[in-house]
Amino acid sequence: MIDILVAGGGPAGLAAAIRAAQAGLEAVVVEPRPAPVDKACGEGIMPGGLAALHRLGVRPAGHPLRGIRYTDGRRSAEAAFRGAYGLGVRRTELHAALHARAETLGVRIVEGKVREVRQGRDTVTAAGLTARWLIAADGLHSPLRRALGLDRPVPGPGRYGLRRHYRLAPWTDLVEVHWSPYGEAYVTPVGERLVGVALLGRDRRPYEDHLAAFPALAARLTGP
Ligand SMILES: Cc1cc2nc3c(=O)[nH]c(=O)nc-3n(C[C@H](O)[C@H](O)[C@H](O)COP(=O)(O)OP(=O)(O)OC[C@H]3O[C@@H](n4cnc5c(N)ncnc54)[C@H](O)[C@@H]3O)c2cc1C
């Protein structure tokens, strides 16, 4: 019988399946979208996350990150990570690396969506598969967690995230967090000539409107 059935093949689901396989368990992942799965993300992996990836045997390509800088355009504060680097990684690169590692370890990745979960005495059945355990890795707002009555209220209002990439040589090896009264912009070098920008805010509005709240950053991204 399958030991671990994982609903969701994002970073959390694939990492859980890889860890299970490393421990000698049979793991199956159910994911509706074909690899590599992309998603709006700041694409900055902190040193602890990078060390965890290495323990899983996952080494995605990316841009080393030395630390973090916070700025509101006038003032800034920055610090280097202590003793280790992080990594700026395209989301598709991270997903492809996790996916490849899972397959190498014999994890079966099944295309599909978990809709209903039936629990037996010692088993759980979902997406036509029966396993000893189910891991709900179907994202931050996990409908499965809610359906199973395990949800907790999320504090504060919801926020919207938008992301874009710029073909530019990174001007720093720090993750930059720019803030304004409307939200934040996470700027991450992810390649030799690639910079990612993720905008997070309370209001749903077009990317350009959001970016306009960060004039110094907008000028840097669009050039003279
Ligand atoms: C704008 C923004 C910037 C961010 N920046 C960073 C950052 O810089 N660094 C960082 O570490 N994190 C960042 N994050 C957070 C990071 O993106 C998430 O923590 C991460 O994606 C969580 O991974 P996950 O696998 O839990 O969920 P997801 O990546 O959401 O994956 C869930 C998967 O489950 C699948 N799924 C959904 N429903 C079902 C179902 N019923 N059955 C089967 N499969 C299902 C989906 O198709 C999806 O592939 C950012 C997030 C946002 C929004």
# chains A, B, ... in the order shown; residues from 1 in each chain; ligands from 1

call {"tool": "closest_atom_pairs", "arguments": {"of": "chain A", "to": "ligand 1", "cutoff": "6 Å", "atoms": "only C-alpha atoms and all ligand atoms", "output": "tab-separated table"}}
result
residue	atom	partner	partner_atom_place_in_ligand_line	distance
A:Ala7	CA	ligand 1	43 (C)	4.3
A:Gly8	CA	ligand 1	34 (O)	3.4
A:Gly9	CA	ligand 1	49 (O)	4.9
A:Gly10	CA	ligand 1	25 (O)	3.5
A:Pro11	CA	ligand 1	25 (O)	4.0
A:Ala12	CA	ligand 1	25 (O)	3.7
A:Gly13	CA	ligand 1	25 (O)	5.4
A:Val30	CA	ligand 1	43 (C)	5.1
A:Glu31	CA	ligand 1	44 (N)	4.2
A:Pro32	CA	ligand 1	47 (O)	5.5
A:Arg33	CA	ligand 1	47 (O)	5.5
A:Ala40	CA	ligand 1	1 (C)	5.2
A:Cys41	CA	ligand 1	3 (C)	3.5
A:Gly42	CA	ligand 1	5 (N)	3.3
A:Glu43	CA	ligand 1	8 (O)	4.2
A:Gly44	CA	ligand 1	8 (O)	3.8
A:Ile45	CA	ligand 1	11 (O)	5.1
A:Lys113	CA	ligand 1	42 (N)	3.7
A:Val114	CA	ligand 1	42 (N)	3.8
A:Arg115	CA	ligand 1	41 (N)	5.5
A:Ala137	CA	ligand 1	26 (O)	5.5
A:Asp138	CA	ligand 1	34 (O)	3.5
A:Gly139	CA	ligand 1	27 (O)	3.5
A:Leu140	CA	ligand 1	26 (O)	5.7
A:Gly161	CA	ligand 1	1 (C)	3.9
A:Leu162	CA	ligand 1	1 (C)	5.8
A:Ala198	CA	ligand 1	1 (C)	5.2
A:Leu199	CA	ligand 1	1 (C)	6.0
A:Leu200	CA	ligand 1	1 (C)	5.5

call {"tool": "residues_around", "arguments": {"residues": "A:Pro36", "least_positions_apart": "4", "cutoff": "7 Å", "atoms": "only C-alpha atoms", "output": "number ranges by chain"}}
result
A: 92, 95-96

call {"tool": "write_last_selection", "arguments": {"atoms": "N, CA and C atoms", "output": "short mmCIF file (atom, residue, chain, number, x, y, z; two decimals), in the first residue's frame"}}
result
data_model
loop_
_atom_site.label_atom_id
_atom_site.label_comp_id
_atom_site.auth_asym_id
_atom_site.auth_seq_id
_atom_site.Cartn_x
_atom_site.Cartn_y
_atom_site.Cartn_z
N THR A 92 10.16 28.30 -11.83
CA THR A 92 10.11 27.13 -12.71
C THR A 92 11.36 26.26 -12.53
N HIS A 95 10.91 24.37 -9.26
CA HIS A 95 9.93 23.29 -9.41
C HIS A 95 10.50 22.14 -10.22
N ALA A 96 11.21 22.48 -11.31
CA ALA A 96 11.79 21.43 -12.16
C ALA A 96 12.80 20.60 -11.36
#

call {"tool": "residues_around", "arguments": {"residues": "A:Gly49", "least_positions_apart": "5", "cutoff": "10 Å", "atoms": "only C-alpha atoms", "output": "PyMOL selection string"}}
result
chain A and resi 44+54-55+86-87

call {"tool": "select_by_dssp", "arguments": {"residues": "stretch 20-147 of chain A", "states": "strand (DSSP E or B)", "output": "number ranges by chain"}}
result
A: 27-31, 44-45, 63-65, 67-71, 76-80, 86-88, 108-111, 117-119, 124-126, 129-136

call {"tool": "residues_around", "arguments": {"residues": "A:Leu194", "least_positions_apart": "3", "cutoff": "7 Å", "atoms": "only C-alpha atoms", "output": "VMD selection string"}}
result
chain A and resid 165 to 170 189 to 191

call {"tool": "write_last_selection", "arguments": {"atoms": "C-alpha atoms", "output": "PDB file, in the first residue's frame"}}
result
ATOM      1  CA  HIS A 165      10.931  39.610 -14.670  1.00  0.00           C
ATOM      2  CA  TYR A 166      13.366  42.120 -16.178  1.00  0.00           C
ATOM      3  CA  ARG A 167      16.266  41.298 -18.491  1.00  0.00           C
ATOM      4  CA  LEU A 168      18.799  43.302 -16.502  1.00  0.00           C
ATOM      5  CA  ALA A 169      22.126  42.570 -14.864  1.00  0.00           C
ATOM      6  CA  PRO A 170      21.375  42.527 -11.102  1.00  0.00           C
ATOM      7  CA  PRO A 189      18.380  38.689  -8.614  1.00  0.00           C
ATOM      8  CA  VAL A 190      17.578  35.290 -10.137  1.00  0.00           C
ATOM      9  CA  GLY A 191      20.146  35.022 -12.933  1.00  0.00           C
TER      10      GLY A 191
END

call {"tool": "closest_residue", "arguments": {"among": "A:Ala20, A:Val187, A:Val28, A:Val154", "to": "A:Ala127", "atoms": "only C-alpha atoms"}}
result
A:Val28

call {"tool": "residues_around", "arguments": {"residues": "stretch 117-122 of chain A", "least_positions_apart": "5", "cutoff": "9 Å", "atoms": "only C-alpha atoms", "output": "PDB file with N, CA and C atoms, in the first residue's frame"}}
result
ATOM      1  N   ALA A 127      -8.599  10.752  -4.726  1.00  0.00           N
ATOM      2  CA  ALA A 127      -8.232  10.689  -6.149  1.00  0.00           C
ATOM      3  C   ALA A 127      -8.069   9.230  -6.609  1.00  0.00           C
ATOM      4  N   ALA A 131      -3.999   5.178   0.759  1.00  0.00           N
ATOM      5  CA  ALA A 131      -2.679   5.281   1.390  1.00  0.00           C
ATOM      6  C   ALA A 131      -2.843   5.241   2.906  1.00  0.00           C
ATOM      7  N   ARG A 132      -1.709   5.118   3.578  1.00  0.00           N
ATOM      8  CA  ARG A 132      -1.757   5.133   5.051  1.00  0.00           C
ATOM      9  C   ARG A 132      -1.938   6.556   5.568  1.00  0.00           C
ATOM     10  N   TRP A 133      -1.326   7.526   4.877  1.00  0.00           N
ATOM     11  CA  TRP A 133      -1.387   8.915   5.315  1.00  0.00           C
ATOM     12  C   TRP A 133      -1.631   9.828   4.119  1.00  0.00           C
ATOM     13  N   LEU A 134      -2.297  10.940   4.385  1.00  0.00           N
ATOM     14  CA  LEU A 134      -2.478  11.956   3.342  1.00  0.00           C
ATOM     15  C   LEU A 134      -1.839  13.254   3.821  1.00  0.00           C
ATOM     16  N   LEU A 144      -8.494  21.606   1.054  1.00  0.00           N
ATOM     17  CA  LEU A 144      -8.585  20.295   1.721  1.00  0.00           C
ATOM     18  C   LEU A 144      -8.536  20.455   3.234  1.00  0.00           C
ATOM     19  N   ALA A 147     -11.874  21.626   4.236  1.00  0.00           N
ATOM     20  CA  ALA A 147     -12.889  20.567   4.151  1.00  0.00           C
ATOM     21  C   ALA A 147     -12.750  19.578   5.308  1.00  0.00           C
ATOM     22  N   LEU A 148     -11.528  19.395   5.794  1.00  0.00           N
ATOM     23  CA  LEU A 148     -11.305  18.445   6.892  1.00  0.00           C
ATOM     24  C   LEU A 148     -11.498  19.101   8.263  1.00  0.00           C
TER      25      LEU A 148
END

call {"tool": "closest_residue", "arguments": {"among": "A:Ala212, A:Leu105, A:Ile68, A:Met1", "to": "A:Ala23", "atoms": "only C-alpha atoms"}}
result
A:Leu105

call {"tool": "residues_around", "arguments": {"residues": "A:Thr188", "least_positions_apart": "3", "cutoff": "8 Å", "atoms": "only C-alpha atoms", "output": "list in words"}}
result
Gly42, Glu43, Gly44, Gly88, Leu174, Val175, Glu176, Val195, Gly196 and Val197 of chain A

call {"tool": "closest_residue", "arguments": {"among": "A:Arg82, A:Arg91, A:Arg75, A:Arg159", "to": "A:Ala61", "atoms": "only C-alpha atoms"}}
result
A:Arg91

call {"tool": "closest_residue", "arguments": {"among": "A:Glu111, A:Glu78, A:Glu26, A:Glu192", "to": "A:Leu5", "atoms": "only C-alpha atoms"}}
result
A:Glu26

call {"tool": "atom_distance", "arguments": {"atom1": "atom CA of A:His178", "atom2": "atom CA of A:Asp72"}}
result
5.5 Å

call {"tool": "closest_residue", "arguments": {"among": "A:His99, A:Ala80, A:Gly223, A:His63", "to": "A:Val37", "atoms": "only C-alpha atoms"}}
result
A:His99

call {"tool": "decode", "arguments": {"residues": "stretch 99-218 of chain A", "atoms": "C-alpha atoms", "output": "PDB file, in the first residue's frame"}}
result
ATOM      1  CA  HIS A  99      10.191  17.360  -9.635  1.00  0.00           C
ATOM      2  CA  ALA A 100      13.295  15.714 -11.126  1.00  0.00           C
ATOM      3  CA  ARG A 101      14.618  14.737  -7.701  1.00  0.00           C
ATOM      4  CA  ALA A 102      11.263  13.246  -6.695  1.00  0.00           C
ATOM      5  CA  GLU A 103      11.142  11.157  -9.870  1.00  0.00           C
ATOM      6  CA  THR A 104      14.748  10.003  -9.384  1.00  0.00           C
ATOM      7  CA  LEU A 105      13.783   8.710  -5.934  1.00  0.00           C
ATOM      8  CA  GLY A 106      10.839   6.784  -7.398  1.00  0.00           C
ATOM      9  CA  VAL A 107       8.041   9.113  -6.305  1.00  0.00           C
ATOM     10  CA  ARG A 108       5.028   8.617  -8.596  1.00  0.00           C
ATOM     11  CA  ILE A 109       3.517  11.909  -9.749  1.00  0.00           C
ATOM     12  CA  VAL A 110      -0.071  11.455 -10.883  1.00  0.00           C
ATOM     13  CA  GLU A 111      -1.956  14.092 -12.869  1.00  0.00           C
ATOM     14  CA  GLY A 112      -5.214  14.851 -11.098  1.00  0.00           C
ATOM     15  CA  LYS A 113      -6.973  16.780  -8.395  1.00  0.00           C
ATOM     16  CA  VAL A 114      -7.984  15.577  -4.958  1.00  0.00           C
ATOM     17  CA  ARG A 115     -11.654  16.463  -4.533  1.00  0.00           C
ATOM     18  CA  GLU A 116     -12.933  14.187  -1.827  1.00  0.00           C
ATOM     19  CA  VAL A 117     -11.122  12.509   1.049  1.00  0.00           C
ATOM     20  CA  ARG A 118     -12.488   9.332   2.633  1.00  0.00           C
ATOM     21  CA  GLN A 119     -10.920   8.186   5.862  1.00  0.00           C
ATOM     22  CA  GLY A 120     -10.975   4.555   6.951  1.00  0.00           C
ATOM     23  CA  ARG A 121      -9.714   3.119  10.214  1.00  0.00           C
ATOM     24  CA  ASP A 122      -6.057   2.966   9.107  1.00  0.00           C
ATOM     25  CA  THR A 123      -6.225   4.346   5.591  1.00  0.00           C
ATOM     26  CA  VAL A 124      -7.249   7.346   3.584  1.00  0.00           C
ATOM     27  CA  THR A 125      -8.602   7.332   0.020  1.00  0.00           C
ATOM     28  CA  ALA A 126      -8.426  10.288  -2.352  1.00  0.00           C
ATOM     29  CA  ALA A 127      -8.232  10.689  -6.149  1.00  0.00           C
ATOM     30  CA  GLY A 128      -8.842   6.932  -6.460  1.00  0.00           C
ATOM     31  CA  LEU A 129      -5.729   6.057  -4.425  1.00  0.00           C
ATOM     32  CA  THR A 130      -5.562   4.526  -0.962  1.00  0.00           C
ATOM     33  CA  ALA A 131      -2.679   5.281   1.390  1.00  0.00           C
ATOM     34  CA  ARG A 132      -1.757   5.133   5.051  1.00  0.00           C
ATOM     35  CA  TRP A 133      -1.387   8.915   5.315  1.00  0.00           C
ATOM     36  CA  LEU A 134      -2.478  11.956   3.342  1.00  0.00           C
ATOM     37  CA  ILE A 135      -0.531  15.211   3.253  1.00  0.00           C
ATOM     38  CA  ALA A 136      -2.617  18.212   2.178  1.00  0.00           C
ATOM     39  CA  ALA A 137      -0.084  20.386   0.330  1.00  0.00           C
ATOM     40  CA  ASP A 138      -2.648  22.181  -1.805  1.00  0.00           C
ATOM     41  CA  GLY A 139      -1.420  25.691  -1.057  1.00  0.00           C
ATOM     42  CA  LEU A 140      -1.661  28.462   1.508  1.00  0.00           C
ATOM     43  CA  HIS A 141      -5.466  28.535   1.537  1.00  0.00           C
ATOM     44  CA  SER A 142      -5.713  24.714   1.304  1.00  0.00           C
ATOM     45  CA  PRO A 143      -9.343  23.833   0.484  1.00  0.00           C
ATOM     46  CA  LEU A 144      -8.585  20.295   1.721  1.00  0.00           C
ATOM     47  CA  ARG A 145      -7.550  21.567   5.138  1.00  0.00           C
ATOM     48  CA  ARG A 146     -10.786  23.555   5.292  1.00  0.00           C
ATOM     49  CA  ALA A 147     -12.889  20.567   4.151  1.00  0.00           C
ATOM     50  CA  LEU A 148     -11.305  18.445   6.892  1.00  0.00           C
ATOM     51  CA  GLY A 149     -12.166  21.064   9.522  1.00  0.00           C
ATOM     52  CA  LEU A 150      -8.519  21.857  10.274  1.00  0.00           C
ATOM     53  CA  ASP A 151      -8.539  25.456   9.048  1.00  0.00           C
ATOM     54  CA  ARG A 152      -7.462  28.371  11.196  1.00  0.00           C
ATOM     55  CA  PRO A 153      -8.611  31.943  10.601  1.00  0.00           C
ATOM     56  CA  VAL A 154      -6.060  33.951   8.600  1.00  0.00           C
ATOM     57  CA  PRO A 155      -5.262  37.182  10.506  1.00  0.00           C
ATOM     58  CA  GLY A 156      -5.666  40.494   8.670  1.00  0.00           C
ATOM     59  CA  PRO A 157      -7.044  41.313   5.222  1.00  0.00           C
ATOM     60  CA  GLY A 158      -6.022  39.314   2.143  1.00  0.00           C
ATOM     61  CA  ARG A 159      -3.260  40.607  -0.126  1.00  0.00           C
ATOM     62  CA  TYR A 160      -2.644  40.398  -3.870  1.00  0.00           C
ATOM     63  CA  GLY A 161       0.675  39.417  -5.428  1.00  0.00           C
ATOM     64  CA  LEU A 162       1.958  40.233  -8.931  1.00  0.00           C
ATOM     65  CA  ARG A 163       5.288  39.311 -10.454  1.00  0.00           C
ATOM     66  CA  ARG A 164       7.379  40.316 -13.432  1.00  0.00           C
ATOM     67  CA  HIS A 165      10.931  39.610 -14.670  1.00  0.00           C
ATOM     68  CA  TYR A 166      13.366  42.120 -16.178  1.00  0.00           C
ATOM     69  CA  ARG A 167      16.266  41.298 -18.491  1.00  0.00           C
ATOM     70  CA  LEU A 168      18.799  43.302 -16.502  1.00  0.00           C
ATOM     71  CA  ALA A 169      22.126  42.570 -14.864  1.00  0.00           C
ATOM     72  CA  PRO A 170      21.375  42.527 -11.102  1.00  0.00           C
ATOM     73  CA  TRP A 171      22.714  45.664  -9.382  1.00  0.00           C
ATOM     74  CA  THR A 172      23.105  43.893  -6.034  1.00  0.00           C
ATOM     75  CA  ASP A 173      23.440  40.460  -4.455  1.00  0.00           C
ATOM     76  CA  LEU A 174      20.926  41.420  -1.750  1.00  0.00           C
ATOM     77  CA  VAL A 175      17.180  40.780  -1.809  1.00  0.00           C
ATOM     78  CA  GLU A 176      15.664  44.253  -1.786  1.00  0.00           C
ATOM     79  CA  VAL A 177      12.376  44.875  -0.013  1.00  0.00           C
ATOM     80  CA  HIS A 178      10.956  48.252  -1.035  1.00  0.00           C
ATOM     81  CA  TRP A 179       7.982  49.503   0.904  1.00  0.00           C
ATOM     82  CA  SER A 180       5.344  52.152   0.409  1.00  0.00           C
ATOM     83  CA  PRO A 181       2.038  52.984   2.143  1.00  0.00           C
ATOM     84  CA  TYR A 182       0.343  50.600  -0.350  1.00  0.00           C
ATOM     85  CA  GLY A 183       2.496  47.500  -0.064  1.00  0.00           C
ATOM     86  CA  GLU A 184       5.909  46.010  -0.730  1.00  0.00           C
ATOM     87  CA  ALA A 185       8.089  45.166  -3.708  1.00  0.00           C
ATOM     88  CA  TYR A 186      10.471  42.221  -3.423  1.00  0.00           C
ATOM     89  CA  VAL A 187      13.371  42.520  -5.847  1.00  0.00           C
ATOM     90  CA  THR A 188      15.449  39.385  -6.303  1.00  0.00           C
ATOM     91  CA  PRO A 189      18.380  38.689  -8.614  1.00  0.00           C
ATOM     92  CA  VAL A 190      17.578  35.290 -10.137  1.00  0.00           C
ATOM     93  CA  GLY A 191      20.146  35.022 -12.933  1.00  0.00           C
ATOM     94  CA  GLU A 192      23.159  36.685 -14.526  1.00  0.00           C
ATOM     95  CA  ARG A 193      20.858  38.944 -16.511  1.00  0.00           C
ATOM     96  CA  LEU A 194      17.527  38.450 -14.800  1.00  0.00           C
ATOM     97  CA  VAL A 195      15.861  40.321 -11.949  1.00  0.00           C
ATOM     98  CA  GLY A 196      12.488  39.311 -10.498  1.00  0.00           C
ATOM     99  CA  VAL A 197      10.054  41.797  -8.971  1.00  0.00           C
ATOM    100  CA  ALA A 198       7.092  40.638  -6.861  1.00  0.00           C
ATOM    101  CA  LEU A 199       4.591  43.266  -5.739  1.00  0.00           C
ATOM    102  CA  LEU A 200       2.374  42.605  -2.734  1.00  0.00           C
ATOM    103  CA  GLY A 201      -0.472  44.863  -1.673  1.00  0.00           C
ATOM    104  CA  ARG A 202      -3.960  45.066  -0.207  1.00  0.00           C
ATOM    105  CA  ASP A 203      -5.535  46.540  -3.360  1.00  0.00           C
ATOM    106  CA  ARG A 204      -6.221  44.711  -6.581  1.00  0.00           C
ATOM    107  CA  ARG A 205      -4.803  46.930  -9.301  1.00  0.00           C
ATOM    108  CA  PRO A 206      -2.620  46.705 -12.430  1.00  0.00           C
ATOM    109  CA  TYR A 207       1.099  46.004 -12.064  1.00  0.00           C
ATOM    110  CA  GLU A 208       2.118  49.426 -13.442  1.00  0.00           C
ATOM    111  CA  ASP A 209      -0.111  51.272 -10.938  1.00  0.00           C
ATOM    112  CA  HIS A 210       1.370  49.263  -8.117  1.00  0.00           C
ATOM    113  CA  LEU A 211       4.955  49.840  -9.306  1.00  0.00           C
ATOM    114  CA  ALA A 212       4.336  53.610  -9.526  1.00  0.00           C
ATOM    115  CA  ALA A 213       4.307  53.663  -5.701  1.00  0.00           C
ATOM    116  CA  PHE A 214       8.059  52.872  -5.878  1.00  0.00           C
ATOM    117  CA  PRO A 215       9.445  55.642  -8.152  1.00  0.00           C
ATOM    118  CA  ALA A 216      13.143  54.957  -7.483  1.00  0.00           C
ATOM    119  CA  LEU A 217      12.698  51.264  -8.246  1.00  0.00           C
ATOM    120  CA  ALA A 218      10.547  51.960 -11.318  1.00  0.00           C
TER     121      ALA A 218
END
